[in-house]
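A.B. asks: Data file input11.txt (compact mmCIF, C-alpha atoms) is appended below.
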```txt
# COMPACT_ATOMS: atom_id res chain seq x y z
CA MET A 184 78.03 75.48 47.45
CA THR A 185 79.69 77.37 50.27
CA GLY A 186 77.30 79.09 52.65
CA THR A 187 77.44 82.67 53.85
CA ASP A 188 78.73 83.72 57.26
CA SER A 189 75.18 84.37 58.48
CA ASP A 190 74.17 80.89 57.32
CA LEU A 191 77.08 79.46 59.29
CA MET A 192 76.05 81.14 62.53
CA ALA A 193 72.48 79.92 62.08
CA ARG A 194 73.73 76.33 61.80
CA LEU A 195 75.78 76.43 64.99
CA PRO A 196 74.08 75.11 68.17
CA PRO A 197 73.60 77.18 71.35
CA ILE A 198 76.80 77.67 73.35
CA LYS A 199 76.68 75.87 76.69
CA GLU A 200 80.32 76.36 77.73
CA PRO A 201 81.49 80.00 77.52
CA SER A 202 84.55 80.83 75.47
CA LYS A 203 87.69 82.41 76.87
CA THR A 204 86.57 85.65 75.22
CA GLU A 205 83.41 85.59 77.33
CA GLN A 206 85.28 84.44 80.44
CA PHE A 207 87.70 87.37 80.13
CA ALA A 208 84.77 89.75 79.71
CA GLN A 209 83.06 88.32 82.80
CA ASP A 210 86.26 88.72 84.81
CA ALA A 211 86.60 92.33 83.68
CA ARG A 212 83.00 93.11 84.68
CA ARG A 213 83.37 91.59 88.13
CA ASP A 214 83.39 94.24 90.88
CA ARG A 215 82.86 97.03 88.33
CA PRO A 216 79.72 99.20 88.32
CA ALA A 217 77.26 98.04 85.68
CA ASP A 218 75.95 101.57 85.08
CA GLU A 219 79.29 103.24 84.30
CA HIS A 220 81.46 103.35 81.20
CA TRP A 221 84.88 101.73 81.52
CA THR A 222 87.52 99.94 79.47
CA SER A 223 89.62 97.01 80.64
CA THR A 224 92.73 95.91 78.73
CA ARG A 225 94.56 92.66 79.41
CA VAL A 226 97.79 91.76 77.61
CA PHE A 227 99.44 88.33 77.86
CA PRO A 228 101.49 85.85 75.81
CA TYR A 229 99.14 83.75 73.72
CA VAL A 230 100.75 80.44 74.71
CA ASP A 231 100.06 81.17 78.40
CA LEU A 232 96.54 79.94 77.68
CA LEU A 233 97.95 76.43 77.36
CA ARG A 234 99.02 76.34 81.02
CA ASP A 235 100.26 72.75 81.56
CA ARG A 236 98.66 71.32 78.40
CA ASP A 237 101.31 69.49 76.31
CA ASP A 238 100.95 67.70 72.95
CA SER A 239 97.26 68.61 72.76
CA PRO A 240 96.23 71.47 70.44
CA LEU A 241 93.88 74.13 71.74
CA TYR A 242 91.45 75.67 69.24
CA LEU A 243 90.07 79.12 70.01
CA GLY A 244 89.10 82.45 68.53
CA VAL A 245 89.79 85.07 71.21
CA SER A 246 89.00 88.57 69.91
CA GLY A 247 88.18 87.16 66.48
CA ARG A 248 91.64 85.61 65.98
CA PRO A 249 91.20 81.95 64.93
CA ALA A 250 94.21 80.18 66.38
CA ILE A 251 95.61 76.74 67.10
CA LEU A 252 97.90 76.68 70.14
CA LEU A 253 100.24 73.76 70.75
CA ARG A 254 103.05 73.16 73.22
CA LEU A 255 105.28 70.20 72.40
CA SER A 256 106.78 68.00 75.09
CA GLY A 257 110.32 66.66 75.12
CA ARG A 258 108.84 63.27 74.25
CA MET A 259 107.64 64.58 70.90
CA ARG A 260 110.66 66.74 70.05
CA ALA A 261 113.84 67.85 71.83
CA ASP A 262 113.23 71.56 71.12
CA LEU A 263 111.95 73.90 68.43
CA ASP A 264 115.17 73.90 66.38
CA GLY A 265 114.41 73.74 62.66
CA LEU A 266 110.64 73.38 63.08
CA GLY A 267 109.89 76.97 62.14
CA GLU A 268 111.78 76.66 58.88
CA LEU A 269 109.95 73.44 58.03
CA ILE A 270 106.54 74.99 58.61
CA ARG A 271 107.38 78.13 56.65
CA ASP A 272 108.56 75.99 53.72
CA LYS A 273 105.95 73.22 53.78
CA GLY A 274 103.02 74.56 55.77
CA ALA A 275 100.79 72.30 57.85
CA ASP A 276 97.54 70.37 57.42
CA LEU A 277 94.34 70.61 59.43
CA PHE A 278 91.64 67.97 58.99
CA LEU A 279 88.09 68.60 60.25
CA GLN A 280 85.38 65.94 60.25
CA GLY A 281 81.87 65.83 61.67
CA HIS A 282 80.77 62.55 63.22
CA ARG A 283 77.47 61.11 64.45
CA LEU A 284 78.14 59.23 67.70
CA GLY A 285 74.88 57.93 69.07
CA ARG A 286 72.68 60.92 69.88
CA TYR A 287 75.68 63.27 69.88
CA GLY A 288 77.65 65.00 67.18
CA MET A 289 81.32 65.82 67.55
CA VAL A 290 84.07 67.32 65.43
CA ARG A 291 87.30 65.42 64.96
CA ALA A 292 90.25 67.78 64.40
CA VAL A 293 93.65 66.46 63.32
CA LEU A 294 96.64 68.79 63.05
CA GLN A 295 99.62 67.47 61.08
CA LEU A 296 102.93 69.34 61.15
CA PRO A 297 105.53 68.71 58.41
CA GLU A 298 107.65 66.28 60.40
CA TYR A 299 107.34 62.57 61.07
CA ASP A 300 105.03 61.73 63.99
CA LEU A 301 104.01 65.33 64.66
CA ILE A 302 100.31 64.64 64.25
CA PHE A 303 97.70 65.44 66.88
CA GLU A 304 94.03 64.49 67.23
CA THR A 305 91.50 66.54 69.20
CA PRO A 306 87.80 65.76 69.68
CA LEU A 307 85.83 69.03 69.70
CA THR A 308 82.28 69.83 70.74
CA LEU A 309 80.31 72.62 69.13
CA ALA A 310 78.69 73.31 72.51
CA HIS A 311 81.94 75.04 73.51
CA GLY A 312 82.29 78.74 72.75
CA ASP A 313 86.00 78.48 71.93
CA VAL A 314 85.31 75.93 69.21
CA GLN A 315 82.53 78.02 67.70
CA GLU A 316 84.66 81.18 67.77
CA PHE A 317 87.52 79.34 66.07
CA ILE A 318 85.30 77.90 63.34
CA ALA A 319 83.38 81.13 62.72
CA ALA A 320 86.46 83.36 62.53
CA ALA A 321 88.45 80.92 60.37
CA TYR A 322 85.46 80.45 58.06
CA GLN A 323 85.00 84.18 57.58
CA ASP A 324 88.63 85.07 56.82
CA GLU A 325 89.88 81.72 55.46
CA ALA A 326 92.87 82.17 57.75
CA VAL A 327 94.23 80.50 60.88
CA GLU A 328 97.06 81.38 63.23
CA LEU A 329 99.38 78.62 64.42
CA HIS A 330 101.24 79.20 67.70
CA LEU A 331 103.84 76.69 68.86
CA ALA A 332 105.77 76.45 72.10
CA HIS A 333 107.90 73.79 73.79
CA ALA A 334 107.98 72.54 77.36
CA HIS A 335 111.81 72.84 77.48
CA ASP A 336 112.39 75.79 75.15
CA ALA A 337 111.87 79.45 76.04
CA ARG A 338 111.07 80.35 72.44
CA SER A 339 107.69 80.34 70.76
CA LEU A 340 106.70 80.38 67.10
CA GLY A 341 103.73 82.20 65.60
CA PHE A 342 102.54 81.82 62.01
CA ALA A 343 99.75 83.53 60.11
CA CYS A 344 98.36 80.99 57.65
CA ARG A 345 95.97 80.97 54.76
CA ALA A 346 93.40 78.23 55.39
CA ALA A 347 92.69 77.17 51.83
CA GLY A 348 89.41 75.32 51.36
CA ILE A 349 88.14 75.69 54.92
CA GLN A 350 84.63 76.84 53.99
CA PRO A 351 83.43 73.68 52.17
CA VAL A 352 85.07 71.52 54.84
CA VAL A 353 83.23 73.33 57.64
CA ASP A 354 79.99 73.16 55.65
CA ALA A 355 80.40 69.37 55.41
CA VAL A 356 81.14 69.14 59.15
CA LEU A 357 77.96 71.00 60.06
CA ASP A 358 75.88 68.95 57.61
CA ALA A 359 77.19 65.74 59.22
CA VAL A 360 76.11 66.74 62.76
CA ARG A 361 72.86 68.49 61.83
CA GLY A 362 70.01 67.74 64.23
CA LEU A 363 72.23 66.12 66.85
CA ARG A 364 72.96 67.12 70.43
CA HIS A 365 76.42 68.33 71.35
CA PRO A 366 78.07 67.10 74.57
CA THR A 367 79.04 69.72 77.14
CA THR A 368 80.26 68.13 80.36
CA PRO A 369 83.17 65.67 80.61
CA ALA A 370 80.64 62.97 81.51
CA GLU A 371 78.63 63.65 78.34
CA GLN A 372 81.80 63.69 76.23
CA ALA A 373 83.24 60.41 77.58
CA ALA A 374 81.15 58.01 75.46
CA PRO A 375 81.39 59.98 72.17
CA VAL A 376 85.15 60.40 72.60
CA ALA A 377 85.55 56.67 73.27
CA ALA A 378 83.49 55.93 70.15
CA LEU A 379 85.75 58.19 68.09
CA GLU A 380 88.84 56.43 69.42
CA ALA A 381 87.34 53.05 68.53
CA ARG A 382 86.39 54.27 65.05
CA PHE A 383 89.91 55.64 64.39
CA PRO A 384 92.49 53.56 66.29
CA GLN A 385 95.35 55.44 64.62
CA ILE A 386 95.38 59.22 64.31
CA SER A 387 96.06 58.95 60.59
CA ASP A 388 92.98 56.74 60.05
CA GLY A 389 90.08 58.22 58.13
CA LEU A 390 91.84 61.31 56.83
CA SER A 391 91.01 62.37 53.29
CA ASP A 392 91.55 65.19 50.84
CA GLY A 393 87.91 66.18 51.29
CA THR A 394 88.47 66.97 54.96
CA ARG A 395 91.91 68.53 54.53
CA ILE A 396 92.60 72.24 55.01
CA ARG A 397 96.01 73.36 53.84
CA LEU A 398 97.64 75.89 56.18
CA SER A 399 100.11 77.90 54.10
CA VAL A 400 102.26 80.41 55.97
CA THR A 401 101.72 84.01 54.85
CA GLY A 402 103.63 85.78 57.61
CA ARG A 403 104.30 86.04 61.32
CA ALA A 404 101.51 85.98 63.90
CA ASP A 405 101.81 88.18 66.97
CA GLY A 406 102.46 86.02 70.02
CA VAL A 407 100.88 88.59 72.33
CA MET A 408 97.13 88.70 72.86
CA THR A 409 95.40 91.97 73.77
CA MET A 410 91.94 91.53 75.26
CA VAL A 411 89.84 94.68 75.48
CA THR A 412 86.49 94.75 77.28
CA ARG A 413 84.27 97.82 77.33
CA ASN A 414 81.09 98.63 79.21
```
Written as structure tokens, that's how I'd like the structure from this file.

C.D. replies:
Amino acid sequence: MTGTDSDLMARLPPIKEPSKTEQFAQDARRDRPADEHWTSTRVFPYVDLLRDRDDSPLYLGVSGRPAILLRLSGRMRADLDGLGELIRDKGADLFLQGHRLGRYGMVRAVLQLPEYDLIFETPLTLAHGDVQEFIAAAYQDEAVELHLAHAHDARSLGFACRAAGIQPVVDAVLDAVRGLRHPTTPAEQAAPVAALEARFPQISDGLSDGTRIRLSVTGRADGVMTMVTRN
């Protein structure tokens, strides 16, 4: 049985690494009087959050928008030509799995786009605020945004997607890592990540219908993020 949103939050561990939402709020509060009322608004292209990160999806939920950001390199694809049409027609697949790795629990996320070899694996830790915000927001609305860019293409693509079946998948993930610690620092993550790589030598290994979330395009997602902080 699928849990409620409040049940979900109760099952998530304490956040040890602040999310970008919290980081933006901290930046806005810096050098501002704590005893005055003010509003800070920051507007920027969503894909700017990727910086120099290529071929490695970023999962986050800034301002309650669950989103997967991905910039493709020229090694993966020459440009974005035709990819938007493919995704609109066929959608994409997101696989989420919870794994016990020694004393730690981690989430294995695999994003598969509807084209040969466009499949990407990301180990995630629930100690990170971005991961929790992504999971909580996607769970609540059963929706995920997918934002794609390319290292050699000025265009970007943004899709609003229905995330069919995400609630039971997330419930299973949290059940699998219940009672475990969640790595925070790169040093803590090194051994669990290596264990995941050994357990699944190929990205396509271990994927199943029970861990699959179908991302079906329902419309366009705004490529601009507006971050508002109030005191």

A.B. asks: Taking into account all atoms listed in the file, which residue in the set A:Met410, A:Val226, A:Leu253, A:Met192 is nearest to Gln323 of chain A?

C.D. replies: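 Selected residue with least distance to Gln323 of chain A: A:Met192.
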
A.B. asks: Contacts of segment 403-407 of chain A at 6 Å or less, counting only C-alpha atoms, minus same-chain residues fewer than 6 places along, as a list in words?

C.D. replies: Phe227, Pro228, Tyr229, Gly341, Phe342 and Ala343 of chain A

A.B. asks: May I have the residues within 12 Å of Asp262 of chain A as number ranges by chain, using all atoms listed in the file and disregarding those fewer than 2 positions away in the same chain?

C.D. replies: A: 254-260, 264-267, 331-340

A.B. asks: Please return, as a ChimeraX atom specification, all polymer residues that have at least one atom within 10 Å of the point (77.7, 67.1, 76.6); use only C-alpha atoms and the file's own coordinate frame.

C.D. replies: /A:199-200,287-289,308-311,364-375

A.B. asks: Measuring atom to atom with only C-alpha atoms, identify which of A:Asp388, A:Phe383, A:Leu243, A:Trp221 is nearest to Gly312 of chain A.

C.D. replies: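 So, comparing all the options, the nearest one is A:Leu243.
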